[in-house]
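Text of the file protein.tsv, holding TSV, C-alpha atoms:
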chain	number	residue	atom	x	y	z
A	157	MET	CA	0.00	0.00	0.00
A	158	ARG	CA	3.02	2.33	-0.10
A	159	GLY	CA	1.95	3.71	-3.47
A	160	VAL	CA	-1.41	4.69	-1.99
A	161	ARG	CA	0.33	6.49	0.86
A	162	PHE	CA	2.48	8.36	-1.67
A	163	LEU	CA	-0.68	9.37	-3.54
A	164	LEU	CA	-2.40	10.59	-0.38
A	165	GLU	CA	0.65	12.60	0.72
A	166	PHE	CA	0.72	14.30	-2.65
A	167	ALA	CA	-3.00	14.89	-3.01
A	168	LYS	CA	-3.70	16.31	0.47
A	169	ALA	CA	-1.16	19.13	0.15
A	170	ASP	CA	-1.94	19.75	-3.51
A	171	GLU	CA	-5.67	20.15	-2.90
A	172	ALA	CA	-5.10	22.49	0.07
A	173	LEU	CA	-2.74	24.72	-1.92
A	174	ARG	CA	-5.13	24.85	-4.87
A	175	ALA	CA	-7.99	25.72	-2.53
A	176	ARG	CA	-5.99	28.72	-1.31
A	177	ARG	CA	-5.13	29.54	-4.96
A	178	ILE	CA	-1.41	29.44	-4.24
A	179	ARG	CA	0.25	29.40	-7.63
A	180	SER	CA	3.91	29.86	-6.77
A	181	THR	CA	6.22	29.93	-3.77
A	182	ILE	CA	9.54	31.24	-2.56
A	183	VAL	CA	11.22	28.39	-0.71
A	184	VAL	CA	13.40	29.20	2.29
A	185	PHE	CA	15.77	26.58	3.68
A	186	GLY	CA	17.88	26.89	6.83
A	187	SER	CA	18.85	25.28	10.10
A	188	ALA	CA	16.28	24.22	12.68
A	189	ARG	CA	18.91	24.84	15.40
A	190	VAL	CA	19.25	28.62	14.99
A	191	ARG	CA	17.53	30.82	17.56
A	192	ALA	CA	16.83	34.55	17.68
A	193	ASP	CA	18.90	34.74	20.89
A	194	GLY	CA	21.47	32.17	19.76
A	195	PRO	CA	25.25	32.54	19.85
A	196	GLY	CA	27.47	34.23	17.29
A	197	ARG	CA	25.78	34.96	13.99
A	198	HIS	CA	22.62	33.03	14.84
A	199	GLY	CA	20.63	36.09	15.88
A	200	ARG	CA	21.53	37.96	12.69
A	201	TRP	CA	20.61	35.00	10.50
A	202	TYR	CA	17.27	34.66	12.28
A	203	GLU	CA	16.47	38.35	11.90
A	204	GLU	CA	17.37	38.45	8.20
A	205	ALA	CA	15.22	35.38	7.52
A	206	ARG	CA	12.36	37.04	9.38
A	207	ARG	CA	12.82	40.29	7.45
A	208	PHE	CA	12.97	38.44	4.17
A	209	GLY	CA	9.76	36.56	4.91
A	210	ARG	CA	8.03	39.89	5.45
A	211	ILE	CA	9.56	41.63	2.43
A	212	ALA	CA	8.73	38.79	0.05
A	213	SER	CA	5.18	38.54	1.38
A	214	GLU	CA	4.49	42.27	1.15
A	215	ARG	CA	6.05	42.78	-2.28
A	216	GLY	CA	5.71	39.42	-4.00
A	217	GLY	CA	1.98	38.81	-4.39
A	218	ALA	CA	1.18	36.64	-1.37
A	219	LEU	CA	-1.30	39.24	-0.12
A	220	GLU	CA	-3.33	39.23	-3.35
A	221	ALA	CA	-6.78	38.15	-2.15
A	222	GLY	CA	-9.37	37.02	-4.66
A	223	THR	CA	-6.89	35.90	-7.29
A	224	PHE	CA	-3.87	33.63	-7.49
A	225	ARG	CA	-1.32	34.17	-4.76
A	226	ASP	CA	2.27	34.16	-5.97
A	227	ASN	CA	5.64	33.97	-4.22
A	228	VAL	CA	4.15	32.64	-0.99
A	229	ILE	CA	6.80	31.79	1.60
A	230	ALA	CA	7.26	28.01	1.95
A	231	THR	CA	9.60	26.34	4.42
A	232	GLY	CA	10.16	22.96	5.99
A	233	GLY	CA	7.79	24.12	8.70
A	234	GLY	CA	10.12	23.56	11.62
A	235	PRO	CA	11.85	25.83	14.14
A	236	GLY	CA	14.94	27.98	13.67
A	237	LEU	CA	15.38	29.76	10.35
A	238	MET	CA	12.28	28.11	8.94
A	239	GLU	CA	10.29	29.62	11.77
A	240	ALA	CA	11.87	33.02	11.13
A	241	ALA	CA	10.77	33.10	7.47
A	242	ASN	CA	7.25	31.95	8.33
A	243	ARG	CA	7.17	34.53	11.12
A	244	GLY	CA	7.99	37.34	8.72
A	245	ALA	CA	5.13	36.29	6.45
A	246	PHE	CA	2.81	36.05	9.46
A	247	GLU	CA	3.73	39.58	10.54
A	248	ALA	CA	2.93	40.82	7.02
A	249	GLY	CA	-0.53	39.24	7.29
A	250	ALA	CA	0.22	36.80	4.48
A	251	PRO	CA	-0.26	33.03	4.33
A	252	SER	CA	2.81	30.84	4.49
A	253	ILE	CA	3.40	27.13	4.11
A	254	GLY	CA	5.09	24.58	6.35
A	255	PHE	CA	6.05	21.31	4.67
A	256	ASN	CA	6.88	19.44	7.85
A	257	ILE	CA	8.14	15.88	8.21
A	258	SER	CA	8.13	13.29	10.98
A	259	LEU	CA	11.58	13.13	12.57
A	260	PRO	CA	12.81	11.91	15.96
A	261	ARG	CA	14.06	15.36	17.01
A	262	GLU	CA	13.96	19.07	16.15
A	263	GLN	CA	11.23	18.98	13.53
A	264	LYS	CA	8.10	20.32	15.22
A	265	PRO	CA	5.71	22.67	13.39
A	266	ASN	CA	6.38	26.31	14.21
A	267	PRO	CA	3.43	28.51	15.23
A	268	TYR	CA	3.75	31.00	12.35
A	269	CYS	CA	2.67	28.80	9.42
A	270	SER	CA	-0.93	29.23	8.30
A	271	PRO	CA	-2.86	26.54	10.19
A	272	ASP	CA	-4.46	25.11	7.04
A	273	LEU	CA	-1.12	25.09	5.22
A	274	ILE	CA	0.87	22.93	7.64
A	275	PHE	CA	1.53	19.46	6.25
A	276	ARG	CA	3.30	16.54	7.89
A	277	PHE	CA	4.99	14.13	5.51
A	278	HIS	CA	6.33	10.66	6.11
A	279	TYR	CA	8.39	10.47	2.92
A	280	PHE	CA	11.22	12.90	2.24
A	281	ALA	CA	10.72	12.38	-1.50
A	282	MET	CA	7.14	13.63	-1.49
A	283	ARG	CA	8.03	16.55	0.75
A	284	LYS	CA	10.83	17.55	-1.63
A	285	MET	CA	8.49	17.31	-4.59
A	286	HIS	CA	6.07	19.76	-2.99
A	287	LEU	CA	8.92	22.09	-2.06
A	288	ALA	CA	10.15	22.08	-5.66
A	289	MET	CA	7.07	22.01	-7.82
A	290	ARG	CA	5.77	25.56	-7.18
A	291	ALA	CA	9.11	27.19	-6.38
A	292	ARG	CA	9.90	30.44	-8.16
A	293	ALA	CA	13.01	31.07	-6.06
A	294	LEU	CA	15.17	29.24	-3.54
A	295	ILE	CA	16.76	30.99	-0.55
A	296	ILE	CA	19.31	28.98	1.42
A	297	PHE	CA	20.25	30.26	4.84
A	298	PRO	CA	23.04	28.60	6.86
A	299	GLY	CA	22.26	25.03	7.84
A	300	GLY	CA	23.54	21.50	8.24
A	301	PHE	CA	22.97	18.14	6.56
A	302	GLY	CA	19.26	18.68	5.94
A	303	THR	CA	19.77	22.11	4.40
A	304	LEU	CA	22.60	20.81	2.22
A	305	ASP	CA	20.45	17.89	1.08
A	306	GLU	CA	17.58	20.16	0.08
A	307	ALA	CA	19.84	22.75	-1.55
A	308	PHE	CA	21.65	20.24	-3.74
A	309	GLU	CA	18.36	18.60	-4.70
A	310	LEU	CA	17.18	21.90	-6.21
A	311	LEU	CA	20.59	22.73	-7.67
A	312	THR	CA	20.57	19.37	-9.45
A	313	LEU	CA	17.09	20.00	-10.85
A	314	ARG	CA	18.33	23.33	-12.21
A	315	GLN	CA	21.58	21.89	-13.55
A	316	THR	CA	19.78	19.11	-15.40
A	317	GLY	CA	16.94	21.27	-16.68
A	318	LYS	CA	14.33	19.36	-14.69
A	319	SER	CA	13.00	22.61	-13.25
A	320	ALA	CA	12.38	25.97	-14.82
A	321	PRO	CA	15.12	28.60	-14.37
A	322	ILE	CA	14.76	30.02	-10.86
A	323	PRO	CA	17.05	32.22	-8.75
A	324	ILE	CA	19.06	30.36	-6.10
A	325	VAL	CA	20.49	32.60	-3.36
A	326	PHE	CA	22.84	31.44	-0.60
A	327	VAL	CA	22.78	33.75	2.42
A	328	ASP	CA	26.05	34.66	4.21
A	329	GLU	CA	28.78	34.05	1.66
A	330	ALA	CA	31.49	33.59	4.31
A	331	TYR	CA	29.56	30.74	5.90
A	332	TRP	CA	28.93	28.91	2.64
A	333	ARG	CA	32.45	29.45	1.27
A	334	GLY	CA	33.74	27.91	4.48
A	335	ILE	CA	31.47	24.88	4.12
A	336	ILE	CA	31.71	24.22	0.36
A	337	ASP	CA	34.45	25.08	-2.10
A	338	PHE	CA	32.15	25.52	-5.10
A	339	PRO	CA	34.91	26.54	-7.57
A	340	SER	CA	36.82	23.38	-6.69
A	341	LEU	CA	34.00	21.30	-8.14
A	342	ALA	CA	34.53	23.04	-11.46
A	343	ARG	CA	38.34	22.85	-11.30
A	344	GLU	CA	38.15	19.10	-10.75
A	345	GLY	CA	35.72	18.66	-13.63
A	346	MET	CA	32.79	17.60	-11.43
A	347	ILE	CA	30.57	20.38	-12.76
A	348	ASP	CA	30.78	22.74	-15.71
A	349	PRO	CA	32.22	26.18	-14.93
A	350	ALA	CA	28.91	27.62	-16.16
A	351	ASP	CA	27.12	25.76	-13.34
A	352	LEU	CA	28.68	28.17	-10.85
A	353	GLY	CA	26.36	30.76	-12.36
A	354	LEU	CA	23.42	28.97	-10.75
A	355	ILE	CA	24.53	30.32	-7.37
A	356	THR	CA	24.18	33.87	-6.05
A	357	PHE	CA	25.25	35.12	-2.62
A	358	ALA	CA	23.56	37.76	-0.45
A	359	GLU	CA	23.98	39.07	3.08
A	360	THR	CA	20.73	40.84	3.99
A	361	ALA	CA	17.02	40.49	3.32
A	362	GLU	CA	17.03	43.49	1.00
A	363	GLU	CA	20.00	42.07	-0.93
A	364	ILE	CA	18.16	38.77	-1.32
A	365	TRP	CA	15.08	40.50	-2.71
A	366	SER	CA	17.18	42.61	-5.08
A	367	ALA	CA	18.95	39.47	-6.33
A	368	LEU	CA	15.62	37.77	-7.01
A	369	LEU	CA	14.33	40.73	-9.00
A	370	ALA	CA	17.60	41.01	-10.94
A	371	GLN	CA	17.24	37.35	-11.91
A	372	GLY	CA	13.72	37.72	-13.23
A	373	LEU	CA	11.37	37.04	-10.32
A	374	VAL	CA	7.94	38.45	-11.13
A	375	PRO	CA	7.03	40.42	-8.00
A	376	THR	CA	3.24	40.44	-8.06
A	377	ALA	CA	0.42	38.07	-8.81
A	378	ALA	CA	-1.28	40.70	-10.96
A	379	SER	CA	1.60	40.80	-13.43
A	380	SER	CA	2.01	37.03	-13.57
A	381	ALA	CA	0.07	35.15	-16.23
A	382	GLY	CA	-0.57	31.59	-17.19
A	383	SER	CA	-1.58	28.42	-15.46
A	384	PRO	CA	-0.62	27.49	-11.89
A	385	ALA	CA	3.10	27.02	-11.38
A	386	ALA	CA	2.49	23.48	-10.20
A	387	GLU	CA	1.81	22.54	-13.81
A	388	THR	CA	4.86	24.25	-15.31
A	389	THR	CA	7.79	24.22	-12.91
A	390	LEU	CA	8.83	20.64	-12.31
A	391	GLY	CA	9.85	18.52	-15.28
A	392	ALA	CA	7.65	15.56	-16.14
Could you render the structure from this file as structure tokens?
Amino acid sequence: MRGVRFLLEFAKADEALRARRIRSTIVVFGSARVRADGPGRHGRWYEEARRFGRIASERGGALEAGTFRDNVIATGGGPGLMEAANRGAFEAGAPSIGFNISLPREQKPNPYCSPDLIFRFHYFAMRKMHLAMRARALIIFPGGFGTLDEAFELLTLRQTGKSAPIPIVFVDEAYWRGIIDFPSLAREGMIDPADLGLITFAETAEEIWSALLAQGLVPTAASSAGSPAAETTLGA
């Protein structure tokens, strides 16, 4: 019956998002372990994620009532930087999505997701599909294994042409350069040098938003045309 469970996990979230007329999302990844009052750079990361959630919601089309909503904040639904992005959307009065998953620790739904847009998945694969299929941009705040897994999943979809061209922004260049030597992948022939162009770095919420606009993000639902993004973003 595993196939049936896959179907149900897909259909439940899909129907709820269609009912709210959510056509596209901005996906925000980041560590569940970061706190607003955490050590070192944690507080700054949290605040920038929170600011970005508000900026994207106010300027991106998530507040468009009565029509399709575009660029709605979507996260993994947990605490930390996911919570911060959902919180920013909440403070803007916009809906936001939490694609949660059952894990032994850390992953509990945060209180800032819209109550009818919190989903708990059993399968990582189905969760990733929902994160990808409506995404119009990907924002990657500092994180660990889970964040890396999700980031490279979307980078691979872009590299292979399995998703439409979308901006991918890594936040805090010093952090990410210290974790991954991206140019080394090209020097060793593991990726094409052109693949490095898939990655943009930013430091603040305003810089993130500017990078998205510079890379073609359509900022409002009213100026976006066509069928729901769910039908056009992810390759068949």
Among the residues A:Leu287, A:Ala281, A:Ala248, A:Val190, the one that comes closest to Thr231 (chain A) [using only C-alpha atoms]: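 Closest candidate: A:Leu287.
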Residues within 12 Å of region 336-343 of chain A, only C-alpha atoms, excluding chain neighbours under 5 positions, as a list in words: Pro298, Gly300, Leu304, Phe308, Phe326, Glu329, Ala330, Tyr331, Asp348, Pro349, Ala350, Asp351, Leu352, Gly353, Leu354, Ile355 and Thr356 of chain A
Straight-line distance linking CA of Glu220 (chain A) with CA of Ala250 (chain A), stated in Å to one decimal: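 A separation of 8.9 Å between them.
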Contacts of Leu273 (chain A) within 9 Å, only C-alpha atoms, excl. fewer than 4 positions in-chain, as a PyMOL selection string: chain A and resi 169+172-173+176+251-255+269
Non-local contacts of Lys168 (chain A) (12 Å; all atoms listed in the file; under 2 positions in same chain excluded) as a PDB file with C-alpha atoms, in the frame of the given file:
ATOM      1  CA  ARG A 161       0.330   6.490   0.860  1.00  0.00           C
ATOM      2  CA  PHE A 162       2.480   8.360  -1.670  1.00  0.00           C
ATOM      3  CA  LEU A 163      -0.680   9.370  -3.540  1.00  0.00           C
ATOM      4  CA  LEU A 164      -2.400  10.590  -0.380  1.00  0.00           C
ATOM      5  CA  GLU A 165       0.650  12.600   0.720  1.00  0.00           C
ATOM      6  CA  PHE A 166       0.720  14.300  -2.650  1.00  0.00           C
ATOM      7  CA  ASP A 170      -1.940  19.750  -3.510  1.00  0.00           C
ATOM      8  CA  GLU A 171      -5.670  20.150  -2.900  1.00  0.00           C
ATOM      9  CA  ALA A 172      -5.100  22.490   0.070  1.00  0.00           C
ATOM     10  CA  LEU A 173      -2.740  24.720  -1.920  1.00  0.00           C
ATOM     11  CA  ARG A 174      -5.130  24.850  -4.870  1.00  0.00           C
ATOM     12  CA  ALA A 175      -7.990  25.720  -2.530  1.00  0.00           C
ATOM     13  CA  PHE A 255       6.050  21.310   4.670  1.00  0.00           C
ATOM     14  CA  ASP A 272      -4.460  25.110   7.040  1.00  0.00           C
ATOM     15  CA  LEU A 273      -1.120  25.090   5.220  1.00  0.00           C
ATOM     16  CA  ILE A 274       0.870  22.930   7.640  1.00  0.00           C
ATOM     17  CA  PHE A 275       1.530  19.460   6.250  1.00  0.00           C
ATOM     18  CA  ARG A 276       3.300  16.540   7.890  1.00  0.00           C
ATOM     19  CA  PHE A 277       4.990  14.130   5.510  1.00  0.00           C
ATOM     20  CA  MET A 282       7.140  13.630  -1.490  1.00  0.00           C
ATOM     21  CA  ARG A 283       8.030  16.550   0.750  1.00  0.00           C
ATOM     22  CA  HIS A 286       6.070  19.760  -2.990  1.00  0.00           C
TER      23      HIS A 286
END
Coordinates-based distance that separates CA of Arg177 (chain A) from CA of Met238 (chain A) (Å, one decimal): 22.3 Å
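The coordinates place CA of Ile347 (chain A) at 27.3 Å from CA of Trp365 (chain A).
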Among the residues A:Ile335, A:Leu373, A:Glu203, A:Ala245, the one that comes closest to Glu359 (chain A) [using only C-alpha atoms]: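 Residue with the minimum atom-to-atom distance to Glu359 (chain A): A:Glu203.
Residues in contact range of Ser213 (chain A), defined as at most 8 Å between only C-alpha atoms, with sequence neighbours fewer than 4 positions away removed, read Gly209, Gly217, Ala218, Leu219, Asn227, Val228, Ile229, Gly244, Ala245, Ala248 and Ala250 of chain A.
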Pick from A:Ile296, A:Val325, A:Met289, A:Ala167, whichever lies nearest to Leu313 (chain A) using only C-alpha atoms: A:Met289
Nearest to Val374 (chain A) by atom-to-atom distance, counting all atoms listed in the file, from A:Gly234, A:Gly317, A:Gly299, A:Gly216: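 Result for the nearest residue to Val374 (chain A): A:Gly216.
Counting all atoms listed in the file, the residue from A:Ala288, A:Ile257, A:Leu368, A:Val160 that sits nearest to Pro323 (chain A) is A:Leu368.
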Spatial neighbours of Ala205 (chain A), max dist 6 Å, only C-alpha atoms, sep filter under 3 positions, as a PyMOL selection string: chain A and resi 202+208+240-241
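The closest residue to Phe185 (chain A), picked from A:Val327, A:Gly199, A:Tyr268, A:Arg210 and counting all atoms listed in the file, is A:Val327.
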